[in-house]
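File shown: run_3.cif (mmCIF, C-alpha atoms and all ligand atoms).
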```cif
data_upload
loop_
_atom_site.label_atom_id
_atom_site.label_comp_id
_atom_site.auth_asym_id
_atom_site.auth_seq_id
_atom_site.Cartn_x
_atom_site.Cartn_y
_atom_site.Cartn_z
CA MET A 1 -2.12 116.40 145.28
CA ILE A 2 -2.24 115.68 149.00
CA TRP A 3 1.01 114.43 150.45
CA TYR A 4 0.93 110.84 151.51
CA PRO A 5 3.85 109.95 153.75
CA PRO A 6 5.71 107.03 152.15
CA ILE A 7 6.18 104.04 154.46
CA LEU A 8 9.32 102.03 153.72
CA THR A 9 9.45 98.31 154.53
CA TYR A 10 12.71 96.64 155.40
CA HIS A 11 13.23 93.02 156.38
CA ARG A 12 16.76 91.80 156.99
CA VAL A 13 19.83 94.04 157.18
CA HIS A 14 22.63 91.56 156.88
CA PRO A 15 25.92 91.01 155.01
CA ASP A 16 24.73 87.58 153.88
CA PRO A 17 22.05 87.82 151.17
CA ALA A 18 21.56 84.03 150.92
CA THR A 19 17.95 83.91 152.07
CA ASP A 20 14.46 84.12 150.66
CA THR A 21 13.77 87.24 152.75
CA PRO A 22 14.49 90.65 151.20
CA THR A 23 17.91 91.58 152.56
CA LEU A 24 19.94 94.76 152.38
CA SER A 25 23.62 94.85 153.17
CA PRO A 26 24.45 96.96 156.25
CA MET A 27 26.43 99.30 153.98
CA VAL A 28 23.50 99.96 151.66
CA PHE A 29 21.12 100.34 154.60
CA ALA A 30 23.45 102.85 156.28
CA ARG A 31 23.70 104.84 153.06
CA GLN A 32 19.92 104.90 152.63
CA MET A 33 19.39 106.09 156.20
CA ALA A 34 21.99 108.83 155.73
CA GLN A 35 20.15 109.99 152.62
CA LEU A 36 16.85 109.81 154.44
CA ALA A 37 18.15 111.87 157.35
CA GLN A 38 19.50 114.47 154.96
CA ARG A 39 16.48 115.08 152.78
CA TRP A 40 13.46 113.60 154.52
CA HIS A 41 11.78 113.78 157.85
CA ALA A 42 11.43 110.30 159.36
CA VAL A 43 8.45 110.41 161.72
CA ASP A 44 7.55 108.46 164.80
CA PRO A 45 4.74 105.90 164.27
CA ASP A 46 2.87 107.64 167.09
CA ALA A 47 2.89 110.87 165.10
CA LEU A 48 1.69 109.10 161.99
CA ALA A 49 -1.10 107.38 163.95
CA ALA A 50 -2.21 110.71 165.37
CA TRP A 51 -2.22 112.21 161.89
CA LEU A 52 -4.27 109.28 160.57
CA GLU A 53 -6.71 109.87 163.44
CA ARG A 54 -6.86 113.52 162.38
CA ARG A 55 -5.42 114.61 165.67
CA GLY A 56 -2.01 115.81 164.61
CA ARG A 57 0.15 117.30 161.92
CA LEU A 58 3.11 115.89 160.08
CA PRO A 59 6.22 117.74 158.98
CA ALA A 60 6.89 118.25 155.29
CA ARG A 61 8.57 115.31 153.55
CA ALA A 62 7.46 112.91 156.23
CA VAL A 63 8.51 109.27 155.81
CA MET A 64 8.09 106.27 158.09
CA VAL A 65 10.59 103.42 158.35
CA THR A 66 9.33 99.92 159.21
CA PHE A 67 10.83 96.46 159.62
CA ASP A 68 8.88 93.23 159.25
CA ASP A 69 9.45 89.90 161.04
CA GLY A 70 11.81 91.01 163.83
CA THR A 71 14.98 89.17 162.87
CA GLU A 72 17.85 89.79 165.29
CA ASP A 73 19.76 91.96 162.78
CA THR A 74 17.07 94.59 163.37
CA TYR A 75 18.84 95.03 166.69
CA THR A 76 22.47 94.18 165.82
CA GLN A 77 22.68 95.92 162.41
CA ALA A 78 19.81 98.37 161.97
CA LEU A 79 19.46 99.92 165.42
CA PRO A 80 22.96 101.50 165.57
CA VAL A 81 22.31 103.18 162.21
CA LEU A 82 18.84 104.38 163.23
CA ALA A 83 20.23 105.71 166.52
CA ARG A 84 23.12 107.50 164.78
CA HIS A 85 20.68 109.41 162.55
CA ARG A 86 17.91 109.64 165.16
CA ILE A 87 15.48 107.93 162.81
CA PRO A 88 12.33 106.61 164.50
CA ALA A 89 10.98 103.31 163.20
CA ALA A 90 8.48 100.52 163.77
CA VAL A 91 9.47 96.87 164.11
CA PHE A 92 6.71 94.35 163.44
CA MET A 93 7.52 91.28 165.51
CA ILE A 94 6.17 87.76 165.02
CA ALA A 95 5.12 87.11 168.62
CA ASP A 96 5.84 83.37 168.67
CA ASN A 97 9.37 83.99 167.39
CA VAL A 98 10.52 86.11 170.33
CA GLY A 99 13.74 84.53 171.57
CA ARG A 100 13.93 81.91 168.81
CA PRO A 101 17.26 81.54 167.00
CA GLY A 102 17.75 84.38 164.53
CA PHE A 103 14.95 86.50 165.99
CA LEU A 104 14.78 89.29 168.54
CA THR A 105 14.83 88.38 172.21
CA ARG A 106 12.74 90.02 174.90
CA ASP A 107 15.78 92.05 176.01
CA GLN A 108 16.46 93.21 172.47
CA LEU A 109 12.81 94.23 172.03
CA ARG A 110 13.04 96.20 175.25
CA ALA A 111 16.31 97.80 174.14
CA LEU A 112 14.78 98.77 170.80
CA HIS A 113 11.81 100.27 172.63
CA GLY A 114 14.22 102.10 174.94
CA HIS A 115 15.83 103.68 171.87
CA GLY A 116 12.47 104.98 170.70
CA VAL A 117 11.69 102.17 168.26
CA THR A 118 7.99 101.28 168.22
CA ILE A 119 7.24 97.58 168.56
CA GLY A 120 4.26 96.46 166.52
CA SER A 121 2.64 93.07 165.90
CA HIS A 122 3.16 90.82 162.89
CA THR A 123 0.65 88.32 164.39
CA VAL A 124 1.48 85.29 166.54
CA TYR A 125 2.53 82.82 163.85
CA HIS A 126 3.05 84.99 160.75
CA ALA A 127 -0.41 83.87 159.65
CA TYR A 128 -1.73 84.71 156.21
CA LEU A 129 -5.04 86.04 157.50
CA PRO A 130 -7.25 85.55 154.40
CA SER A 131 -6.79 81.79 154.81
CA ARG A 132 -7.79 81.71 158.51
CA ASP A 133 -11.26 81.63 160.07
CA ARG A 134 -12.58 84.44 162.20
CA ASP A 135 -11.57 83.03 165.58
CA GLN A 136 -8.06 82.28 164.35
CA VAL A 137 -7.70 85.81 162.98
CA ARG A 138 -8.93 87.25 166.25
CA ARG A 139 -6.43 85.19 168.22
CA GLU A 140 -3.57 86.15 165.90
CA LEU A 141 -4.36 89.82 166.42
CA VAL A 142 -5.37 89.86 170.09
CA ASP A 143 -2.89 87.34 171.51
CA SER A 144 0.12 88.81 169.71
CA LYS A 145 -0.80 92.28 170.92
CA ARG A 146 -1.13 91.18 174.54
CA PHE A 147 1.99 89.05 174.47
CA LEU A 148 4.17 91.75 172.93
CA GLU A 149 2.81 94.42 175.26
CA ASP A 150 3.82 92.19 178.13
CA GLN A 151 7.28 91.57 176.65
CA VAL A 152 7.99 95.23 175.91
CA GLY A 153 6.05 96.86 178.72
CA ALA A 154 4.37 99.32 176.37
CA PRO A 155 1.21 99.50 174.24
CA VAL A 156 1.33 97.77 170.85
CA ASP A 157 -0.62 100.10 168.57
CA TRP A 158 0.54 99.00 165.13
CA LEU A 159 -0.08 95.87 163.12
CA SER A 160 1.48 94.55 159.93
CA TYR A 161 -0.44 91.85 158.04
CA PRO A 162 1.88 88.93 157.17
CA GLY A 163 2.33 88.73 153.42
CA GLY A 164 0.24 91.90 153.26
CA GLY A 165 -2.87 89.69 153.39
CA TYR A 166 -6.05 91.01 154.96
CA THR A 167 -9.82 90.87 154.57
CA ALA A 168 -12.66 93.24 155.48
CA GLU A 169 -13.15 91.13 158.59
CA ALA A 170 -9.46 91.21 159.53
CA ARG A 171 -9.49 95.01 159.34
CA ARG A 172 -12.54 95.16 161.56
CA LEU A 173 -10.98 92.76 164.07
CA ALA A 174 -7.76 94.79 164.08
CA GLU A 175 -9.74 97.87 165.04
CA GLU A 176 -11.70 95.89 167.62
CA ALA A 177 -8.46 94.51 169.11
CA GLY A 178 -7.40 98.08 169.87
CA TYR A 179 -4.76 98.74 167.22
CA ARG A 180 -4.49 102.26 165.89
CA ALA A 181 -3.32 101.42 162.37
CA ALA A 182 -2.34 98.47 160.19
CA CYS A 183 0.13 98.11 157.33
CA THR A 184 -0.13 95.96 154.25
CA THR A 185 2.44 95.61 151.47
CA ASN A 186 2.53 97.63 148.32
CA ARG A 187 -0.50 96.37 146.46
CA GLY A 188 -1.62 98.41 143.53
CA THR A 189 -0.56 101.95 142.85
CA ARG A 190 -3.41 103.92 144.33
CA ARG A 191 -2.27 105.45 147.60
CA TRP A 192 -5.15 107.87 148.03
CA PRO A 193 -7.54 107.84 149.84
CA ILE A 194 -5.47 106.66 152.77
CA ASP A 195 -6.80 103.57 154.48
CA ARG A 196 -5.72 103.47 158.11
CA TRP A 197 -6.37 99.71 158.27
CA ALA A 198 -4.45 98.87 155.11
CA LEU A 199 -1.58 101.31 154.74
CA ARG A 200 0.40 100.63 151.60
CA ARG A 201 4.14 100.40 151.93
CA ILE A 202 7.19 100.37 149.71
CA THR A 203 9.33 97.25 150.05
CA MET A 204 13.06 97.88 149.99
CA HIS A 205 15.09 95.17 148.23
CA ALA A 206 18.75 94.75 147.45
CA SER A 207 17.85 96.17 144.04
CA SER A 208 16.89 99.40 145.83
CA ALA A 209 20.59 99.96 146.44
CA SER A 210 21.28 102.75 143.97
CA PRO A 211 21.59 106.24 145.46
CA ALA A 212 18.60 107.39 143.43
CA ALA A 213 16.41 104.55 144.65
CA ILE A 214 15.38 106.04 147.94
CA TRP A 215 14.56 109.37 146.37
CA LEU A 216 12.57 107.67 143.64
CA ARG A 217 10.63 105.61 146.13
CA CYS A 218 9.88 108.48 148.49
CA SER A 219 8.74 110.84 145.80
CA GLY A 220 5.53 110.53 143.85
CA TYR A 221 7.53 109.53 140.77
CA TYR A 222 7.80 105.97 141.98
CA ASN A 223 4.06 105.47 141.76
CA THR A 224 3.92 107.07 138.35
CA PHE A 225 6.70 104.75 137.27
CA ARG A 226 4.89 101.70 138.65
CA ARG A 227 1.67 102.74 136.98
CA LEU A 228 3.41 103.04 133.63
CA ARG A 229 4.99 99.63 133.99
CA ALA A 230 2.02 97.76 135.39
CA PRO A 231 -1.34 99.36 134.77
CA SER A 232 -3.94 98.06 137.21
ZN ZN B 301 6.57 88.96 157.41
#
```
Please, can you express the file's structure as structure tokens?
Amino acid sequence: MIWYPPILTYHRVHPDPATDTPTLSPMVFARQMAQLAQRWHAVDPDALAAWLERRGRLPARAVMVTFDDGTEDTYTQALPVLARHRIPAAVFMIADNVGRPGFLTRDQLRALHGHGVTIGSHTVYHAYLPSRDRDQVRRELVDSKRFLEDQVGAPVDWLSYPGGGYTAEARRLAEEAGYRAACTTNRGTRRWPIDRWALRRITMHASSASPAAIWLRCSGYYNTFRRLRAPS
């Protein structure tokens, strides 16, 4: 079997779980990152993009860490842990939310970038792309990319489809907009062949808190387990 680097999706890292967004407590997040640093090789999104473009190699046991939405705890809670373990990551920011209460500010985005965190786009308005027309999809992809590049002062190469929703047209427009790769959510169990414009990810919930959870999710066993539970 060819190794497919697991991509983990985090949302909020916060002591207060009272929200409809998947949230991990800072303690659980710190423990998971310590485990990751010990047994896995967290790779830079740039390295994964190069590998997807068949221009580079990945280390054994490669994993990528991602955050969706760009809530401010990505900076206040997650960044110190990532920096402590030297874990690279991608943060997918909703462009229109930059500087809004509870979300990352321009300075925080720049600070994350300065610490080696890759800033990606999560569209302008967190749009569920399958329900938008072509021009709207194009604007969501192109405008968010431009805006975030201007905010961060660096290229925005990665995209994450809000709600994991994409269409054949959205993929094509993502490529046309100049992204290098796009992430969806974990839909279905088939991870091979790898689709650079719809990379499947593993969502981390509070229920992923047990010490075995991260190992289970990073290893192939998780997919086997999912397949047994929910044949598709
Ligand atoms: Zn989202």
Next item on the list: Find, counting all atoms listed in the file, the residue in A:Thr9, A:Thr123, A:Thr118, A:Thr71 that gets nearest to A:Phe147.
Entry: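 For A:Phe147, the nearest of the given residues is A:Thr123.
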Check: Near A:Arg171, counting all atoms listed in the file, which residues have an atom at most 10 Å away, once you skip same-chain residues fewer than 2 positions from it, shown as a list in words?
Finding: Tyr161, Tyr166, Thr167, Ala168, Glu169, Leu173, Ala174, Glu175, Glu176, Ala177, Tyr179, Ala181, Ala182, Arg196, Trp197 and Ala198 of chain A
Checklist line | Env. residues ligand ZN 301 (chain B) / 6 Å / only C-alpha atoms and all ligand atoms / as a list of chain:residue names | finding: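 Based on only C-alpha atoms and all ligand atoms, ligand ZN 301 (chain B) is surrounded within 6 Å by A:Asp68, A:Asp69, A:Pro162, A:Gly163.
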Any idea what's packed within 12 Å of A:His115, counting all atoms listed in the file, ignoring anything in its chain fewer than 2 positions away? Could you give it as an mmCIF file with C-alpha atoms, keeping the file's coordinate frame?
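That gives us around22.cif:
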```cif
data_model
loop_
_atom_site.group_PDB
_atom_site.id
_atom_site.type_symbol
_atom_site.label_atom_id
_atom_site.label_comp_id
_atom_site.auth_asym_id
_atom_site.auth_seq_id
_atom_site.Cartn_x
_atom_site.Cartn_y
_atom_site.Cartn_z
ATOM 1 C CA ASP A 44 7.550 108.460 164.800
ATOM 2 C CA TYR A 75 18.840 95.030 166.690
ATOM 3 C CA ALA A 78 19.810 98.370 161.970
ATOM 4 C CA LEU A 79 19.460 99.920 165.420
ATOM 5 C CA PRO A 80 22.960 101.500 165.570
ATOM 6 C CA VAL A 81 22.310 103.180 162.210
ATOM 7 C CA LEU A 82 18.840 104.380 163.230
ATOM 8 C CA ALA A 83 20.230 105.710 166.520
ATOM 9 C CA ARG A 84 23.120 107.500 164.780
ATOM 10 C CA HIS A 85 20.680 109.410 162.550
ATOM 11 C CA ARG A 86 17.910 109.640 165.160
ATOM 12 C CA ILE A 87 15.480 107.930 162.810
ATOM 13 C CA PRO A 88 12.330 106.610 164.500
ATOM 14 C CA ALA A 89 10.980 103.310 163.200
ATOM 15 C CA ALA A 90 8.480 100.520 163.770
ATOM 16 C CA GLN A 108 16.460 93.210 172.470
ATOM 17 C CA LEU A 109 12.810 94.230 172.030
ATOM 18 C CA ARG A 110 13.040 96.200 175.250
ATOM 19 C CA ALA A 111 16.310 97.800 174.140
ATOM 20 C CA LEU A 112 14.780 98.770 170.800
ATOM 21 C CA HIS A 113 11.810 100.270 172.630
ATOM 22 C CA VAL A 117 11.690 102.170 168.260
ATOM 23 C CA THR A 118 7.990 101.280 168.220
ATOM 24 C CA ILE A 119 7.240 97.580 168.560
#
```
Next item on the list: Calculate how many Å separate atom CA of A:Asp73 from atom CA of A:Arg12, rounding to one decimal.
Entry: 6.5 Å
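Atom CA of A:Leu8 lies 7.6 Å from atom CA of A:Val63.
Computed from the coordinates, the atom CA of A:Val65 to atom CA of A:Ser160 distance equals 12.8 Å.
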Next item on the list: Pick out the closest residue to A:Ala50 from this set: A:Thr23, A:Asp195, A:Ile94, A:Arg180. Count all atoms listed in the file.
Entry: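 Among A:Thr23, A:Asp195, A:Ile94, A:Arg180, it is A:Arg180 that comes nearest to A:Ala50.
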Next item on the list: Go through A:Asn97, A:Thr105, A:Gln38, A:Gln151 one by one, measure the shortest atom-to-atom distance of each to A:Tyr125 using all atoms listed in the file, and give the residue with the smallest value.
Entry: A:Asn97
Next item on the list: Choose the residue, out of A:Val137, A:Leu129, A:Ala154, A:Leu58, that has the smallest atom-to-atom separation from A:Trp40; count only C-alpha atoms.
Entry: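 With only C-alpha atoms as the atom set, the closest residue is A:Leu58.
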With the input short on atoms, add N, CA and C atoms back to stretch 35-55 of chain A and write it as a compact mmCIF listing (two decimals), in the coordinates of the input.
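Everything below was put into out.txt:
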```txt
# COMPACT_ATOMS: atom_id res chain seq x y z
N GLN A 35 20.88 109.19 153.61
CA GLN A 35 20.15 109.99 152.62
C GLN A 35 18.80 110.44 153.17
N LEU A 36 18.15 109.51 153.86
CA LEU A 36 16.85 109.81 154.44
C LEU A 36 16.96 110.96 155.44
N ALA A 37 17.98 110.86 156.31
CA ALA A 37 18.15 111.87 157.35
C ALA A 37 18.47 113.23 156.75
N GLN A 38 19.10 113.21 155.59
CA GLN A 38 19.50 114.47 154.96
C GLN A 38 18.33 115.18 154.32
N ARG A 39 17.48 114.43 153.63
CA ARG A 39 16.48 115.08 152.78
C ARG A 39 15.04 114.86 153.23
N TRP A 40 14.82 113.93 154.15
CA TRP A 40 13.46 113.60 154.52
C TRP A 40 13.29 113.73 156.02
N HIS A 41 12.05 113.64 156.44
CA HIS A 41 11.78 113.78 157.85
C HIS A 41 11.14 112.47 158.33
N ALA A 42 11.96 111.57 158.88
CA ALA A 42 11.43 110.30 159.36
C ALA A 42 10.60 110.58 160.61
N VAL A 43 9.35 110.10 160.60
CA VAL A 43 8.45 110.41 161.72
C VAL A 43 8.20 109.19 162.60
N ASP A 44 7.88 109.47 163.83
CA ASP A 44 7.55 108.46 164.80
C ASP A 44 6.18 107.85 164.45
N PRO A 45 6.03 106.53 164.57
CA PRO A 45 4.74 105.90 164.27
C PRO A 45 3.58 106.52 165.07
N ASP A 46 3.87 106.96 166.27
CA ASP A 46 2.87 107.64 167.09
C ASP A 46 2.35 108.90 166.39
N ALA A 47 3.26 109.64 165.81
CA ALA A 47 2.89 110.87 165.10
C ALA A 47 2.07 110.55 163.87
N LEU A 48 2.45 109.48 163.17
CA LEU A 48 1.69 109.10 161.99
C LEU A 48 0.29 108.61 162.39
N ALA A 49 0.21 107.85 163.48
CA ALA A 49 -1.10 107.38 163.95
C ALA A 49 -1.99 108.56 164.30
N ALA A 50 -1.43 109.53 164.99
CA ALA A 50 -2.21 110.71 165.37
C ALA A 50 -2.70 111.46 164.13
N TRP A 51 -1.84 111.54 163.13
CA TRP A 51 -2.22 112.21 161.89
C TRP A 51 -3.34 111.44 161.20
N LEU A 52 -3.23 110.11 161.19
CA LEU A 52 -4.27 109.28 160.57
C LEU A 52 -5.59 109.42 161.31
N GLU A 53 -5.50 109.68 162.62
CA GLU A 53 -6.71 109.87 163.44
C GLU A 53 -7.17 111.32 163.41
N ARG A 54 -6.54 112.09 162.55
CA ARG A 54 -6.86 113.52 162.38
C ARG A 54 -6.69 114.31 163.68
N ARG A 55 -5.68 113.91 164.42
CA ARG A 55 -5.42 114.61 165.67
C ARG A 55 -4.08 115.32 165.67
```
